[in-house]
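Asks: Have a look at this one.
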Amino acid sequence: MKKSILALATAAAFALGSLSAYASPITLKFSHVVAENTPKGQMATKFKALVDERLKGKVKVEIFPNGQLFGDNKVLEALLLGDVQLAAPSLSKFKKYTKKLQIFDLPFLFNDMAAAERFQQSEAGQGLLKSVEKKGLIGLGYMHNGMKQMSASKPLHVPADAKGLKFRIMSSDVLAAQFEAVGATPLKKPYSEVFTLLQTKAIDGQENTWSNIRSKKFYEVQDNITSSDHGLLDYMVVTSAEFWNGLDKDVRTELKKALDEAVKYGNKVAAEKSMSDKQAIIDSKRTNVIELTKEERQQWADVMKPVWKQFEAIVGKDLLDAAIAANKE
Ligand code: LMR
């Protein structure tokens, strides 16, 4: 009797073991809107490689670049519905989920990327990752792209040059206010439409990072790009609480580790590309790259910075002070 119970137990354990060996891996769909040869695209590729190496058979990462699956206006909804499991929209695209992240859109807030990094890693910055939790999302970390530049059909040296022009912006009220401050008309449009809108001259200009301007060929349909570094374009890597909390603890820990490493790698790519993509655009001779004098850049700051006051109550004075303080090492 004892023997047969033991035999049964052994058989059951064996069956279970082989079942788990053949259990299908968890599929993790990562949807983003940029090209693969961008900081975010490279980060996603690195993340997949690390997961393939470390969680083989347990987690399978599928990447959907170029807005193939979802544009940024839909991807957060898709996360909550379980249609994708990972996304990294620009911080300017979270308006429906939290108003606090609008702080990152304030023009001329951070002097450079090091200041943005310091703020993101500070207690205040890390606290902001939690601002989407009430809506069922989990902020897993920040990722850099870089400083934004302005491109237009005409040369932009001083704010008055932008008056009356139509600029595509991401879906952020701060960015709308920023262009209204210079007398321009902001239009919230999806990233996937920008090239065609510029090419057909339905709009006059846009703002973006050097890597986005290069990878999506905006410089081929814009005669002028002003090297303005007037604002930040960074990302939040997000997942849904339902997916993330449903994972085995070990898997979750490994995924977070792989993601942190991939983000570090992506940030390195971002720093390199902010210089090399600018140079490649200059070398292409397809567009006129304008370097501002100190006085000209100050004029843009003087006209755009009053926007901070409009949003101070929404983002919170303490948070704004913390961001400003991050400019000092
Ligand atoms: C944009 O819409 O301009 C950017 O958010 C694209 C991106 O993800 O870098």
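By convention in this document, the chains of the structure tokens carry letters A, B, ... by their order, each chain's residues are numbered from 1, and ligands are numbered from 1 in the order they are shown.
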Where in segment 160-327 of chain A does DSSP assign helix (DSSP H, G or I), given as a PyMOL selection string?

Replies: chain A and resi 160-162+173-181+191-199+210-215+218-220+241-245+249-284+294-304+307-315+317-325

Asks: Fewer than 5 positions away in the same chain doesn't count, so skip those; otherwise give me all residues within 10 Å of segment 74-80 of chain A, counting only C-alpha atoms, as a VMD selection string.

Replies: chain A and resid 29 to 33 67 69 85 to 89 93 to 94 96 to 97 135 to 137 238 to 243

Asks: Each residue of chain A lying at most 9 Å from ligand 1 should get a row with its shortest atom-to-atom pair and the distance in Å to one decimal, counting only C-alpha atoms and all ligand atoms; could you produce that, ordered by chain and increasing number, as a tab-separated table?

Replies:
```
residue	atom	partner	partner_atom_place_in_ligand_line	distance
A:His32	CA	ligand 1	8 (O)	6.9
A:Val33	CA	ligand 1	8 (O)	5.5
A:Val34	CA	ligand 1	8 (O)	5.5
A:Ala35	CA	ligand 1	9 (O)	9.0
A:Thr38	CA	ligand 1	9 (O)	8.4
A:Pro39	CA	ligand 1	9 (O)	8.7
A:Lys40	CA	ligand 1	9 (O)	7.4
A:Asp72	CA	ligand 1	2 (O)	7.4
A:Ala88	CA	ligand 1	8 (O)	7.4
A:Pro89	CA	ligand 1	8 (O)	5.5
A:Ser90	CA	ligand 1	5 (O)	4.6
A:Leu91	CA	ligand 1	5 (O)	7.9
A:Ser92	CA	ligand 1	5 (O)	7.2
A:Lys93	CA	ligand 1	5 (O)	7.4
A:Asn145	CA	ligand 1	9 (O)	7.0
A:Arg168	CA	ligand 1	3 (O)	8.7
A:Ile169	CA	ligand 1	3 (O)	7.1
A:Met170	CA	ligand 1	2 (O)	5.3
A:Ser171	CA	ligand 1	2 (O)	8.2
A:Lys189	CA	ligand 1	2 (O)	8.0
A:Pro190	CA	ligand 1	2 (O)	6.1
A:Tyr191	CA	ligand 1	2 (O)	4.2
A:Ser192	CA	ligand 1	2 (O)	7.8
A:Val194	CA	ligand 1	3 (O)	8.2
A:Gln206	CA	ligand 1	3 (O)	8.5
A:Glu207	CA	ligand 1	3 (O)	7.4
A:Asn208	CA	ligand 1	3 (O)	5.8
A:Thr209	CA	ligand 1	9 (O)	7.7
A:Ser211	CA	ligand 1	9 (O)	8.5
A:Asn212	CA	ligand 1	9 (O)	6.3
A:Leu233	CA	ligand 1	9 (O)	7.0
A:Asp234	CA	ligand 1	9 (O)	7.6
A:Tyr235	CA	ligand 1	8 (O)	7.4
```

Asks: Neighbouring residues of segment 115-129 of chain A were defined as those with any atom within 7 Å, considering only C-alpha atoms; residues of the same chain fewer than 5 positions away were excluded. Please report them as a list in words.

Replies: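 Contacts, in chain order: Phe110, Gly139, Gly141, Leu319, Ala323, Ala326 and Asn327 of chain A.
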
Asks: Run DSSP on the backbone and give me the residues of segment 98-309 of chain A it puts in strand (DSSP E), as number ranges by chain.

Replies: A: 137-152, 166-169, 185-188, 205-208, 224-240, 288-291

Asks: Those selected residues, please, written with N, CA and C atoms and delivered as a compact mmCIF listing (two decimals), in the first residue's frame.

Replies:
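For reference, out-v4.txt as written:
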```
# COMPACT_ATOMS: atom_id res chain seq x y z
N LEU A 137 -1.79 51.90 -13.05
CA LEU A 137 -0.50 51.76 -13.75
C LEU A 137 0.64 51.75 -12.74
N ILE A 138 1.75 51.16 -13.13
CA ILE A 138 2.94 51.19 -12.27
C ILE A 138 4.09 51.80 -13.05
N GLY A 139 4.66 52.86 -12.51
CA GLY A 139 5.82 53.50 -13.14
C GLY A 139 7.07 52.74 -12.72
N LEU A 140 7.72 52.09 -13.68
CA LEU A 140 8.89 51.26 -13.34
C LEU A 140 10.19 52.05 -13.37
N GLY A 141 10.16 53.23 -13.98
CA GLY A 141 11.38 54.05 -14.02
C GLY A 141 11.31 55.08 -15.13
N TYR A 142 12.27 55.98 -15.10
CA TYR A 142 12.37 56.99 -16.16
C TYR A 142 13.38 56.55 -17.19
N MET A 143 13.26 57.12 -18.37
CA MET A 143 14.31 56.93 -19.35
C MET A 143 14.51 58.23 -20.13
N HIS A 144 15.76 58.52 -20.47
CA HIS A 144 16.04 59.76 -21.19
C HIS A 144 15.88 59.59 -22.70
N ASN A 145 15.45 60.68 -23.34
CA ASN A 145 15.73 60.83 -24.77
C ASN A 145 16.67 62.03 -24.88
N GLY A 146 16.17 63.21 -24.49
CA GLY A 146 17.08 64.35 -24.53
C GLY A 146 16.35 65.67 -24.59
N MET A 147 17.07 66.69 -24.94
CA MET A 147 16.51 68.04 -25.04
C MET A 147 15.84 68.21 -26.41
N LYS A 148 14.75 68.97 -26.41
CA LYS A 148 14.02 69.21 -27.66
C LYS A 148 14.59 70.41 -28.41
N GLN A 149 14.45 70.33 -29.72
CA GLN A 149 14.84 71.42 -30.63
C GLN A 149 13.58 71.82 -31.40
N MET A 150 13.59 73.04 -31.93
CA MET A 150 12.43 73.48 -32.72
C MET A 150 12.77 73.44 -34.20
N SER A 151 11.88 72.90 -34.99
CA SER A 151 12.11 72.98 -36.44
C SER A 151 10.94 73.70 -37.08
N ALA A 152 11.20 74.37 -38.20
CA ALA A 152 10.13 75.13 -38.85
C ALA A 152 10.45 75.36 -40.32
N LYS A 166 2.07 77.32 -37.18
CA LYS A 166 1.39 76.16 -36.56
C LYS A 166 2.42 75.11 -36.19
N PHE A 167 2.45 74.73 -34.92
CA PHE A 167 3.41 73.72 -34.44
C PHE A 167 2.69 72.47 -33.96
N ARG A 168 3.17 71.33 -34.39
CA ARG A 168 2.66 70.08 -33.80
C ARG A 168 3.28 69.92 -32.41
N ILE A 169 2.42 69.55 -31.45
CA ILE A 169 2.92 69.25 -30.11
C ILE A 169 2.37 67.90 -29.67
N THR A 185 0.43 78.77 -33.02
CA THR A 185 -0.74 77.90 -32.79
C THR A 185 -0.27 76.47 -32.58
N PRO A 186 -0.51 75.92 -31.38
CA PRO A 186 -0.12 74.53 -31.14
C PRO A 186 -1.21 73.56 -31.58
N LEU A 187 -0.81 72.43 -32.15
CA LEU A 187 -1.78 71.41 -32.56
C LEU A 187 -1.35 70.07 -31.99
N LYS A 188 -2.22 69.47 -31.19
CA LYS A 188 -1.89 68.16 -30.59
C LYS A 188 -2.13 67.07 -31.63
N GLY A 205 5.76 73.66 -38.23
CA GLY A 205 6.91 73.25 -37.44
C GLY A 205 6.55 72.23 -36.39
N GLN A 206 7.57 71.84 -35.63
CA GLN A 206 7.39 70.88 -34.54
C GLN A 206 8.58 71.00 -33.61
N GLU A 207 8.49 70.33 -32.46
CA GLU A 207 9.63 70.29 -31.53
C GLU A 207 9.93 68.84 -31.22
N ASN A 208 11.20 68.49 -31.23
CA ASN A 208 11.57 67.12 -30.89
C ASN A 208 13.06 67.00 -30.65
N ASN A 224 14.51 74.43 -41.64
CA ASN A 224 15.30 75.01 -40.55
C ASN A 224 15.09 74.26 -39.24
N ILE A 225 16.19 74.07 -38.53
CA ILE A 225 16.10 73.52 -37.17
C ILE A 225 16.91 74.43 -36.25
N THR A 226 16.25 74.90 -35.21
CA THR A 226 16.94 75.76 -34.24
C THR A 226 17.40 74.90 -33.07
N SER A 227 18.71 74.95 -32.82
CA SER A 227 19.29 74.19 -31.72
C SER A 227 18.97 74.94 -30.43
N SER A 228 17.79 74.65 -29.88
CA SER A 228 17.26 75.48 -28.79
C SER A 228 17.37 74.84 -27.42
N ASP A 229 17.41 73.52 -27.36
CA ASP A 229 17.45 72.82 -26.05
C ASP A 229 16.45 73.45 -25.07
N HIS A 230 15.26 73.76 -25.54
CA HIS A 230 14.33 74.54 -24.71
C HIS A 230 13.47 73.70 -23.76
N GLY A 231 13.48 72.40 -23.95
CA GLY A 231 12.64 71.55 -23.09
C GLY A 231 13.13 70.12 -23.11
N LEU A 232 12.50 69.31 -22.29
CA LEU A 232 12.94 67.92 -22.10
C LEU A 232 11.98 66.93 -22.76
N LEU A 233 12.54 65.88 -23.37
CA LEU A 233 11.68 64.77 -23.82
C LEU A 233 12.23 63.49 -23.20
N ASP A 234 11.60 63.09 -22.11
CA ASP A 234 11.98 61.84 -21.45
C ASP A 234 10.76 60.93 -21.35
N TYR A 235 10.99 59.74 -20.85
CA TYR A 235 9.92 58.72 -20.83
C TYR A 235 9.70 58.16 -19.44
N MET A 236 8.49 57.59 -19.26
CA MET A 236 8.28 56.74 -18.10
C MET A 236 7.97 55.34 -18.61
N VAL A 237 8.72 54.37 -18.11
CA VAL A 237 8.44 52.97 -18.47
C VAL A 237 7.30 52.52 -17.57
N VAL A 238 6.22 52.06 -18.18
CA VAL A 238 5.03 51.70 -17.38
C VAL A 238 4.50 50.31 -17.73
N THR A 239 3.86 49.74 -16.70
CA THR A 239 3.16 48.47 -16.88
C THR A 239 1.83 48.61 -16.13
N SER A 240 1.01 47.57 -16.18
CA SER A 240 -0.24 47.65 -15.41
C SER A 240 -0.06 46.91 -14.10
N ASN A 288 18.87 73.73 -42.59
CA ASN A 288 19.74 74.75 -42.03
C ASN A 288 19.68 74.66 -40.50
N VAL A 289 20.77 74.27 -39.86
CA VAL A 289 20.78 74.17 -38.39
C VAL A 289 21.25 75.49 -37.80
N ILE A 290 20.37 76.09 -37.01
CA ILE A 290 20.65 77.43 -36.45
C ILE A 290 21.15 77.33 -35.02
N GLU A 291 22.31 77.90 -34.75
CA GLU A 291 22.80 77.98 -33.37
C GLU A 291 22.41 79.35 -32.83
```
